[in-house]
Amino acid sequence: GATPFVARGQIPKVVVCEVNGICLGGGLVMCLYADLVIASDQARFRIPDLTRGVYEAFIAARLPQRVGTLRANHLLYENEWFDAQAAQNYGIAGRVVPHANLQAETEALLERVRRTGPATRSAVKREMARALPAVDVPGYWASIGTAEQIESWAAFMQKREANWPLDHSREGF
């Protein structure tokens, strides 16, 4: 479905993301919904959703909890690239390893996870998930197909700056 991230968070097994290159948009959301994130030292991250006129409810629900509200604001509104070390410092990646060792390090991580009790892992994951906020899925869907979203995608495809339409419907939320 179009909201696989909610399901990813409900999987009772440990979900591991291995980041080996550019991580933005849905890939970054996957990192926020994963239980473990291991990244290559060559990985680069970015949150471009606001430039696409999309209310990324999945990021809005998880990013502040991971990185803090002020840093989340900077990452969302500034729309700047950041490297793997910054992602680790922010709490988006749990571990950064040399690019050449990424697969071996991921396998070693998985082996350590497999040495823990499966039922206990699921119980811990379920309990930790209770502290996470709900996702505004209807709000996400409401942002799709708006004049703002259509203009931003047209601008993206035409490699130009968006000419944002005036829409006051979300002011004073």
# chains A, B, ... in the order shown; residues from 1 in each chain; ligands from 1

$ residues_around --residues "segment 30-44 of chain A" --least-positions-apart "3" --cutoff "9 Å" --atoms "only C-alpha atoms" --output "compact mmCIF listing (two decimals) with all heavy atoms, in the first residue's frame"
# COMPACT_ATOMS: atom_id res chain seq x y z
N PHE A 5 5.01 2.23 5.78
CA PHE A 5 5.83 2.54 6.94
C PHE A 5 5.11 2.20 8.24
O PHE A 5 5.73 1.78 9.20
CB PHE A 5 6.25 4.01 6.90
CG PHE A 5 6.84 4.37 5.57
CD1 PHE A 5 6.23 5.30 4.75
CD2 PHE A 5 8.00 3.75 5.11
CE1 PHE A 5 6.76 5.61 3.51
CE2 PHE A 5 8.54 4.05 3.87
CZ PHE A 5 7.91 4.98 3.08
N VAL A 6 3.80 2.38 8.26
CA VAL A 6 3.03 2.01 9.44
C VAL A 6 3.15 0.50 9.67
O VAL A 6 3.43 0.04 10.78
CB VAL A 6 1.55 2.42 9.29
CG1 VAL A 6 0.71 1.89 10.43
CG2 VAL A 6 1.43 3.93 9.21
N ARG A 8 5.54 -1.43 8.63
CA ARG A 8 6.94 -1.73 8.99
C ARG A 8 7.15 -1.59 10.49
O ARG A 8 7.85 -2.36 11.11
CB ARG A 8 7.88 -0.82 8.23
CG ARG A 8 9.33 -1.16 8.40
CD ARG A 8 10.19 -0.41 7.42
NE ARG A 8 9.69 -0.49 6.07
CZ ARG A 8 10.07 -1.39 5.17
NH1 ARG A 8 10.98 -2.27 5.46
NH2 ARG A 8 9.56 -1.40 3.97
N GLY A 9 6.52 -0.60 11.08
CA GLY A 9 6.64 -0.39 12.52
C GLY A 9 5.91 -1.43 13.34
O GLY A 9 6.17 -1.58 14.53
N VAL A 14 12.74 -7.77 14.28
CA VAL A 14 13.62 -6.62 14.20
C VAL A 14 13.83 -6.26 12.73
O VAL A 14 14.17 -7.12 11.92
CB VAL A 14 14.98 -6.93 14.89
CG1 VAL A 14 15.96 -5.79 14.66
CG2 VAL A 14 14.77 -7.18 16.37
N VAL A 15 13.59 -5.00 12.40
CA VAL A 15 13.76 -4.50 11.05
C VAL A 15 15.09 -3.75 10.99
O VAL A 15 15.33 -2.84 11.79
CB VAL A 15 12.60 -3.56 10.65
CG1 VAL A 15 12.85 -2.94 9.27
CG2 VAL A 15 11.28 -4.32 10.68
N VAL A 16 15.94 -4.15 10.05
CA VAL A 16 17.27 -3.55 9.90
C VAL A 16 17.34 -2.84 8.56
O VAL A 16 16.98 -3.42 7.53
CB VAL A 16 18.37 -4.63 9.99
CG1 VAL A 16 19.76 -4.01 9.79
CG2 VAL A 16 18.29 -5.39 11.30
N CYS A 17 17.83 -1.60 8.57
CA CYS A 17 18.08 -0.86 7.33
C CYS A 17 19.58 -0.76 7.13
O CYS A 17 20.31 -0.41 8.06
CB CYS A 17 17.49 0.54 7.39
SG CYS A 17 15.76 0.61 6.96
N GLU A 18 20.01 -1.07 5.93
CA GLU A 18 21.40 -0.93 5.53
C GLU A 18 21.43 0.18 4.48
O GLU A 18 20.81 0.04 3.43
CB GLU A 18 21.89 -2.25 4.93
CG GLU A 18 23.33 -2.22 4.48
CD GLU A 18 23.73 -3.52 3.81
OE1 GLU A 18 23.39 -3.68 2.60
OE2 GLU A 18 24.34 -4.37 4.47
N VAL A 19 22.12 1.27 4.78
CA VAL A 19 22.16 2.43 3.89
C VAL A 19 23.52 2.48 3.21
O VAL A 19 24.54 2.64 3.87
CB VAL A 19 21.91 3.74 4.68
CG1 VAL A 19 21.87 4.93 3.72
CG2 VAL A 19 20.62 3.66 5.49
N ASN A 20 23.51 2.33 1.89
CA ASN A 20 24.78 2.26 1.18
C ASN A 20 24.99 3.41 0.20
O ASN A 20 25.94 3.38 -0.58
CB ASN A 20 24.93 0.92 0.46
CG ASN A 20 23.97 0.78 -0.69
OD1 ASN A 20 23.13 1.64 -0.92
ND2 ASN A 20 24.07 -0.31 -1.41
N GLY A 21 24.13 4.39 0.20
CA GLY A 21 24.28 5.50 -0.75
C GLY A 21 23.41 6.66 -0.37
O GLY A 21 23.39 7.09 0.78
N ILE A 22 22.62 7.16 -1.31
CA ILE A 22 21.74 8.29 -1.06
C ILE A 22 20.49 7.80 -0.34
O ILE A 22 19.87 6.82 -0.74
CB ILE A 22 21.39 8.99 -2.38
CG1 ILE A 22 22.63 9.66 -2.95
CG2 ILE A 22 20.27 10.00 -2.19
CD1 ILE A 22 22.44 10.29 -4.30
N CYS A 23 20.12 8.50 0.72
CA CYS A 23 18.96 8.13 1.52
C CYS A 23 18.11 9.38 1.73
O CYS A 23 18.50 10.29 2.48
CB CYS A 23 19.42 7.56 2.86
SG CYS A 23 18.09 6.99 3.91
N LEU A 24 16.98 9.43 1.04
CA LEU A 24 16.07 10.55 1.20
C LEU A 24 14.65 10.09 0.97
O LEU A 24 14.42 8.95 0.59
CB LEU A 24 16.44 11.71 0.26
CG LEU A 24 16.65 11.43 -1.23
CD1 LEU A 24 15.37 11.36 -1.99
CD2 LEU A 24 17.55 12.50 -1.80
N GLY A 25 13.71 10.93 1.26
CA GLY A 25 12.31 10.59 1.05
C GLY A 25 11.92 9.30 1.76
O GLY A 25 12.14 9.13 2.96
N GLY A 26 11.36 8.37 0.98
CA GLY A 26 10.91 7.09 1.54
C GLY A 26 12.02 6.29 2.18
O GLY A 26 11.81 5.58 3.17
N GLY A 27 13.23 6.37 1.64
CA GLY A 27 14.36 5.66 2.24
C GLY A 27 14.66 6.17 3.64
O GLY A 27 14.94 5.40 4.55
N PHE A 58 4.77 10.79 8.11
CA PHE A 58 5.58 9.71 8.69
C PHE A 58 6.88 10.28 9.28
O PHE A 58 7.30 9.88 10.36
CB PHE A 58 5.87 8.65 7.63
CG PHE A 58 4.61 8.12 7.02
CD1 PHE A 58 4.17 8.60 5.80
CD2 PHE A 58 3.83 7.19 7.68
CE1 PHE A 58 2.99 8.14 5.24
CE2 PHE A 58 2.65 6.72 7.14
CZ PHE A 58 2.23 7.20 5.92
N ILE A 59 7.48 11.21 8.57
CA ILE A 59 8.68 11.87 9.10
C ILE A 59 8.30 12.76 10.28
O ILE A 59 8.98 12.75 11.31
CB ILE A 59 9.41 12.65 7.99
CG1 ILE A 59 10.06 11.67 7.02
CG2 ILE A 59 10.45 13.60 8.59
CD1 ILE A 59 10.77 12.30 5.84
N ARG A 62 8.03 10.78 13.49
CA ARG A 62 9.19 10.07 14.03
C ARG A 62 10.45 10.92 14.20
O ARG A 62 11.22 10.69 15.11
CB ARG A 62 9.54 8.85 13.16
CG ARG A 62 8.49 7.77 13.15
CD ARG A 62 8.34 7.12 14.52
NE ARG A 62 7.44 6.00 14.48
CZ ARG A 62 6.14 6.04 14.75
NH1 ARG A 62 5.58 7.17 15.08
NH2 ARG A 62 5.41 4.95 14.69
N LEU A 63 10.66 11.87 13.31
CA LEU A 63 11.91 12.62 13.34
C LEU A 63 12.14 13.38 14.65
O LEU A 63 13.23 13.28 15.22
CB LEU A 63 11.99 13.57 12.13
CG LEU A 63 13.35 14.22 11.90
CD1 LEU A 63 14.41 13.17 11.57
CD2 LEU A 63 13.24 15.25 10.78
N ARG A 66 13.40 11.17 17.37
CA ARG A 66 14.77 10.68 17.16
C ARG A 66 15.81 11.77 17.38
O ARG A 66 16.85 11.52 17.96
CB ARG A 66 14.95 10.16 15.73
CG ARG A 66 14.34 8.84 15.44
CD ARG A 66 15.29 7.71 15.87
NE ARG A 66 14.74 6.44 15.47
CZ ARG A 66 15.15 5.76 14.41
NH1 ARG A 66 16.12 6.21 13.66
NH2 ARG A 66 14.57 4.62 14.12
N TRP A 81 21.61 18.51 2.60
CA TRP A 81 22.22 17.19 2.68
C TRP A 81 23.02 17.08 3.96
O TRP A 81 23.58 18.07 4.43
CB TRP A 81 23.17 16.98 1.50
CG TRP A 81 22.45 16.75 0.20
CD1 TRP A 81 22.19 17.69 -0.76
CD2 TRP A 81 21.91 15.53 -0.27
NE1 TRP A 81 21.51 17.11 -1.80
CE2 TRP A 81 21.33 15.78 -1.53
CE3 TRP A 81 21.86 14.24 0.25
CZ2 TRP A 81 20.71 14.79 -2.28
CZ3 TRP A 81 21.24 13.25 -0.50
CH2 TRP A 81 20.67 13.53 -1.75
N PHE A 82 23.09 15.88 4.55
CA PHE A 82 23.99 15.63 5.67
C PHE A 82 24.59 14.25 5.49
O PHE A 82 24.02 13.37 4.85
CB PHE A 82 23.29 15.80 7.03
CG PHE A 82 22.01 15.03 7.23
CD1 PHE A 82 22.00 13.84 7.93
CD2 PHE A 82 20.80 15.53 6.74
CE1 PHE A 82 20.82 13.14 8.14
CE2 PHE A 82 19.62 14.84 6.94
CZ PHE A 82 19.62 13.64 7.65
N ASP A 83 25.79 14.08 6.03
CA ASP A 83 26.53 12.84 5.81
C ASP A 83 26.17 11.78 6.87
O ASP A 83 25.39 12.03 7.79
CB ASP A 83 28.03 13.10 5.75
CG ASP A 83 28.62 13.62 7.05
OD1 ASP A 83 28.00 13.50 8.13
OD2 ASP A 83 29.74 14.16 7.00
N ALA A 84 26.75 10.61 6.69
CA ALA A 84 26.45 9.47 7.57
C ALA A 84 26.84 9.74 9.01
O ALA A 84 26.13 9.34 9.94
CB ALA A 84 27.13 8.21 7.05
N GLN A 85 27.96 10.42 9.21
CA GLN A 85 28.38 10.72 10.58
C GLN A 85 27.38 11.63 11.26
O GLN A 85 27.03 11.44 12.42
CB GLN A 85 29.79 11.33 10.61
CG GLN A 85 30.36 11.41 12.00
CD GLN A 85 30.45 10.05 12.67
OE1 GLN A 85 31.06 9.13 12.14
NE2 GLN A 85 29.83 9.89 13.82
N ALA A 87 24.21 11.79 10.46
CA ALA A 87 23.03 10.95 10.68
C ALA A 87 23.18 10.14 11.97
O ALA A 87 22.22 9.97 12.72
CB ALA A 87 22.80 10.02 9.49
N GLN A 88 24.38 9.65 12.21
CA GLN A 88 24.60 8.91 13.46
C GLN A 88 24.52 9.85 14.66
O GLN A 88 23.88 9.52 15.67
CB GLN A 88 25.95 8.20 13.44
CG GLN A 88 26.19 7.36 14.69
CD GLN A 88 27.49 6.61 14.66
OE1 GLN A 88 28.45 7.02 14.01
NE2 GLN A 88 27.53 5.49 15.36
N ILE A 92 19.69 9.12 13.55
CA ILE A 92 18.99 8.52 12.40
C ILE A 92 19.66 7.21 12.02
O ILE A 92 18.99 6.25 11.65
CB ILE A 92 18.95 9.51 11.23
CG1 ILE A 92 18.07 10.71 11.62
CG2 ILE A 92 18.44 8.84 9.96
CD1 ILE A 92 18.11 11.86 10.64
N ALA A 93 20.98 7.16 12.10
CA ALA A 93 21.74 5.91 11.89
C ALA A 93 22.34 5.50 13.23
O ALA A 93 22.82 6.35 13.99
CB ALA A 93 22.85 6.12 10.86
N GLY A 94 22.29 4.23 13.52
CA GLY A 94 22.83 3.73 14.77
C GLY A 94 24.32 3.43 14.69
O GLY A 94 25.02 3.50 15.70
N ARG A 95 24.78 3.12 13.50
CA ARG A 95 26.18 2.77 13.32
C ARG A 95 26.61 3.19 11.91
O ARG A 95 25.85 3.04 10.96
CB ARG A 95 26.37 1.27 13.50
CG ARG A 95 27.79 0.82 13.25
CD ARG A 95 28.00 -0.61 13.59
NE ARG A 95 27.75 -0.75 15.03
CZ ARG A 95 27.51 -1.90 15.60
NH1 ARG A 95 27.49 -3.00 14.90
NH2 ARG A 95 27.29 -1.99 16.88
N VAL A 96 27.84 3.70 11.80
CA VAL A 96 28.44 4.05 10.51
C VAL A 96 29.71 3.22 10.38
O VAL A 96 30.52 3.16 11.31
CB VAL A 96 28.78 5.55 10.42
CG1 VAL A 96 29.50 5.87 9.12
CG2 VAL A 96 27.50 6.38 10.54
N VAL A 97 29.86 2.56 9.23
CA VAL A 97 31.01 1.69 9.00
C VAL A 97 31.64 2.03 7.65
O VAL A 97 30.99 2.63 6.80
CB VAL A 97 30.60 0.20 9.03
CG1 VAL A 97 29.99 -0.17 10.38
CG2 VAL A 97 29.62 -0.13 7.91
N PRO A 98 32.90 1.65 7.45
CA PRO A 98 33.51 1.88 6.13
C PRO A 98 32.68 1.21 5.03
O PRO A 98 32.18 0.09 5.21
CB PRO A 98 34.89 1.23 6.26
CG PRO A 98 35.18 1.23 7.73
CD PRO A 98 33.84 1.05 8.40
N HIS A 99 32.55 1.90 3.91
CA HIS A 99 31.72 1.41 2.82
C HIS A 99 32.08 -0.02 2.41
O HIS A 99 31.19 -0.85 2.20
CB HIS A 99 31.83 2.36 1.61
CG HIS A 99 30.91 2.01 0.50
ND1 HIS A 99 29.56 2.26 0.55
CD2 HIS A 99 31.14 1.41 -0.70
CE1 HIS A 99 28.99 1.83 -0.56
NE2 HIS A 99 29.93 1.32 -1.34
N ALA A 100 33.35 -0.30 2.33
CA ALA A 100 33.81 -1.64 1.90
C ALA A 100 33.40 -2.73 2.88
O ALA A 100 33.31 -3.90 2.50
CB ALA A 100 35.32 -1.65 1.71
N ASN A 101 33.13 -2.38 4.12
CA ASN A 101 32.78 -3.36 5.15
C ASN A 101 31.29 -3.43 5.45
O ASN A 101 30.88 -4.15 6.35
CB ASN A 101 33.51 -3.03 6.46
CG ASN A 101 35.01 -3.03 6.31
OD1 ASN A 101 35.55 -3.49 5.30
ND2 ASN A 101 35.69 -2.51 7.30
N LEU A 102 30.48 -2.67 4.73
CA LEU A 102 29.06 -2.54 5.07
C LEU A 102 28.34 -3.88 5.14
O LEU A 102 27.68 -4.18 6.13
CB LEU A 102 28.36 -1.59 4.09
CG LEU A 102 26.87 -1.34 4.38
CD1 LEU A 102 26.66 -0.73 5.76
CD2 LEU A 102 26.29 -0.43 3.29
N GLU A 105 29.65 -6.01 8.06
CA GLU A 105 29.22 -5.44 9.34
C GLU A 105 27.73 -5.67 9.57
O GLU A 105 27.30 -5.93 10.69
CB GLU A 105 29.55 -3.96 9.40
CG GLU A 105 31.02 -3.64 9.44
CD GLU A 105 31.63 -3.87 10.82
OE1 GLU A 105 30.90 -4.05 11.80
OE2 GLU A 105 32.87 -3.85 10.89
N THR A 106 26.94 -5.60 8.49
CA THR A 106 25.50 -5.86 8.62
C THR A 106 25.26 -7.32 8.99
O THR A 106 24.45 -7.62 9.87
CB THR A 106 24.76 -5.50 7.32
OG1 THR A 106 24.98 -4.12 7.03
CG2 THR A 106 23.26 -5.76 7.45
N LEU A 109 26.09 -7.77 12.59
CA LEU A 109 25.01 -7.20 13.40
C LEU A 109 23.84 -8.16 13.48
O LEU A 109 23.30 -8.43 14.56
CB LEU A 109 24.58 -5.86 12.81
CG LEU A 109 23.33 -5.21 13.42
CD1 LEU A 109 23.55 -4.86 14.88
CD2 LEU A 109 22.94 -3.98 12.61
N LYS A 125 10.29 -4.75 21.43
CA LYS A 125 9.89 -3.89 20.32
C LYS A 125 8.47 -3.36 20.53
O LYS A 125 8.21 -2.16 20.33
CB LYS A 125 9.99 -4.66 19.00
CG LYS A 125 9.62 -3.82 17.80
CD LYS A 125 9.87 -4.54 16.51
CE LYS A 125 9.42 -3.68 15.34
NZ LYS A 125 9.90 -4.15 14.07

$ select_by_dssp --residues "segment 58-121 of chain A" --states "alpha helix (DSSP H)" --output "compact mmCIF listing (two decimals) with C-alpha atoms, in the first residue's frame"
# COMPACT_ATOMS: atom_id res chain seq x y z
CA PHE A 58 5.58 9.71 8.69
CA ILE A 59 8.68 11.87 9.10
CA ALA A 60 6.80 14.41 11.22
CA ALA A 61 5.74 11.61 13.58
CA ARG A 62 9.19 10.07 14.03
CA LEU A 63 11.91 12.62 13.34
CA PRO A 64 11.43 14.87 16.42
CA GLN A 65 11.47 11.80 18.68
CA ARG A 66 14.77 10.68 17.16
CA VAL A 67 16.62 13.97 16.82
CA THR A 69 12.25 19.10 17.77
CA LEU A 70 14.68 21.94 17.01
CA ARG A 71 17.05 19.76 14.98
CA ALA A 72 14.04 18.19 13.20
CA ASN A 73 12.87 21.68 12.26
CA HIS A 74 16.28 22.47 10.77
CA LEU A 75 16.46 19.21 8.84
CA LEU A 76 12.93 19.63 7.45
CA TYR A 77 12.89 23.35 6.67
CA GLU A 78 16.50 23.78 5.52
CA ALA A 84 26.45 9.47 7.57
CA GLN A 85 28.38 10.72 10.58
CA ALA A 86 25.84 13.51 11.09
CA ALA A 87 23.03 10.95 10.68
CA GLN A 88 24.60 8.91 13.46
CA ASN A 89 25.08 11.98 15.65
CA TYR A 90 21.43 12.92 15.07
CA LEU A 102 29.06 -2.54 5.07
CA GLN A 103 27.75 -5.98 4.12
CA ALA A 104 30.09 -7.83 6.50
CA GLU A 105 29.22 -5.44 9.34
CA THR A 106 25.50 -5.86 8.62
CA GLU A 107 25.84 -9.66 8.68
CA ALA A 108 27.74 -9.45 11.98
CA LEU A 109 25.01 -7.20 13.40
CA LEU A 110 22.32 -9.64 12.30
CA GLU A 111 24.25 -12.53 13.84
CA ARG A 112 24.37 -10.70 17.19
CA VAL A 113 20.62 -10.02 16.96
CA ARG A 114 19.95 -13.70 16.21
CA PRO A 118 12.97 -13.96 19.52
CA ALA A 119 9.96 -13.66 21.83
CA THR A 120 11.85 -11.26 24.06
CA ARG A 121 12.89 -9.13 21.07

$ closest_residue --among "A:Ala123, A:Ala129, A:Leu50, A:Leu28" --to "Trp153 of chain A" --atoms "only C-alpha atoms"
A:Leu50

$ select_by_dssp --residues "segment 23-60 of chain A" --states "strand (DSSP E)" --output "PyMOL selection string"
chain A and resi 23-24+36-40+44-46

$ atom_distance --atom1 "atom CA of Ala142 of chain A" --atom2 "atom CA of Asp49 of chain A"
14.6 Å

$ atom_distance --atom1 "atom CA of Trp141 of chain A" --atom2 "atom CA of Ile47 of chain A"
18.4 Å

$ atom_distance --atom1 "atom CA of Arg46 of chain A" --atom2 "atom CA of Asn79 of chain A"
6.5 Å

$ residues_around --residues "Gly139 of chain A" --least-positions-apart "4" --cutoff "9 Å" --atoms "only C-alpha atoms" --output "JSON, numbers by chain"
{"A": [55, 56, 57, 135, 143]}

$ write_last_selection --atoms "C-alpha atoms" --output "short mmCIF file (atom, residue, chain, number, x, y, z; two decimals), in the first residue's frame"
data_model
loop_
_atom_site.label_atom_id
_atom_site.label_comp_id
_atom_site.auth_asym_id
_atom_site.auth_seq_id
_atom_site.Cartn_x
_atom_site.Cartn_y
_atom_site.Cartn_z
CA TYR A 55 3.06 16.78 4.15
CA GLU A 56 5.31 13.91 5.18
CA ALA A 57 3.33 12.75 8.21
CA VAL A 135 0.92 9.06 12.35
CA SER A 143 -1.63 16.74 0.90
#

$ closest_residue --among "A:Pro138, A:Glu80, A:Arg126, A:Thr51" --to "Arg160 of chain A" --atoms "only C-alpha atoms"
A:Thr51
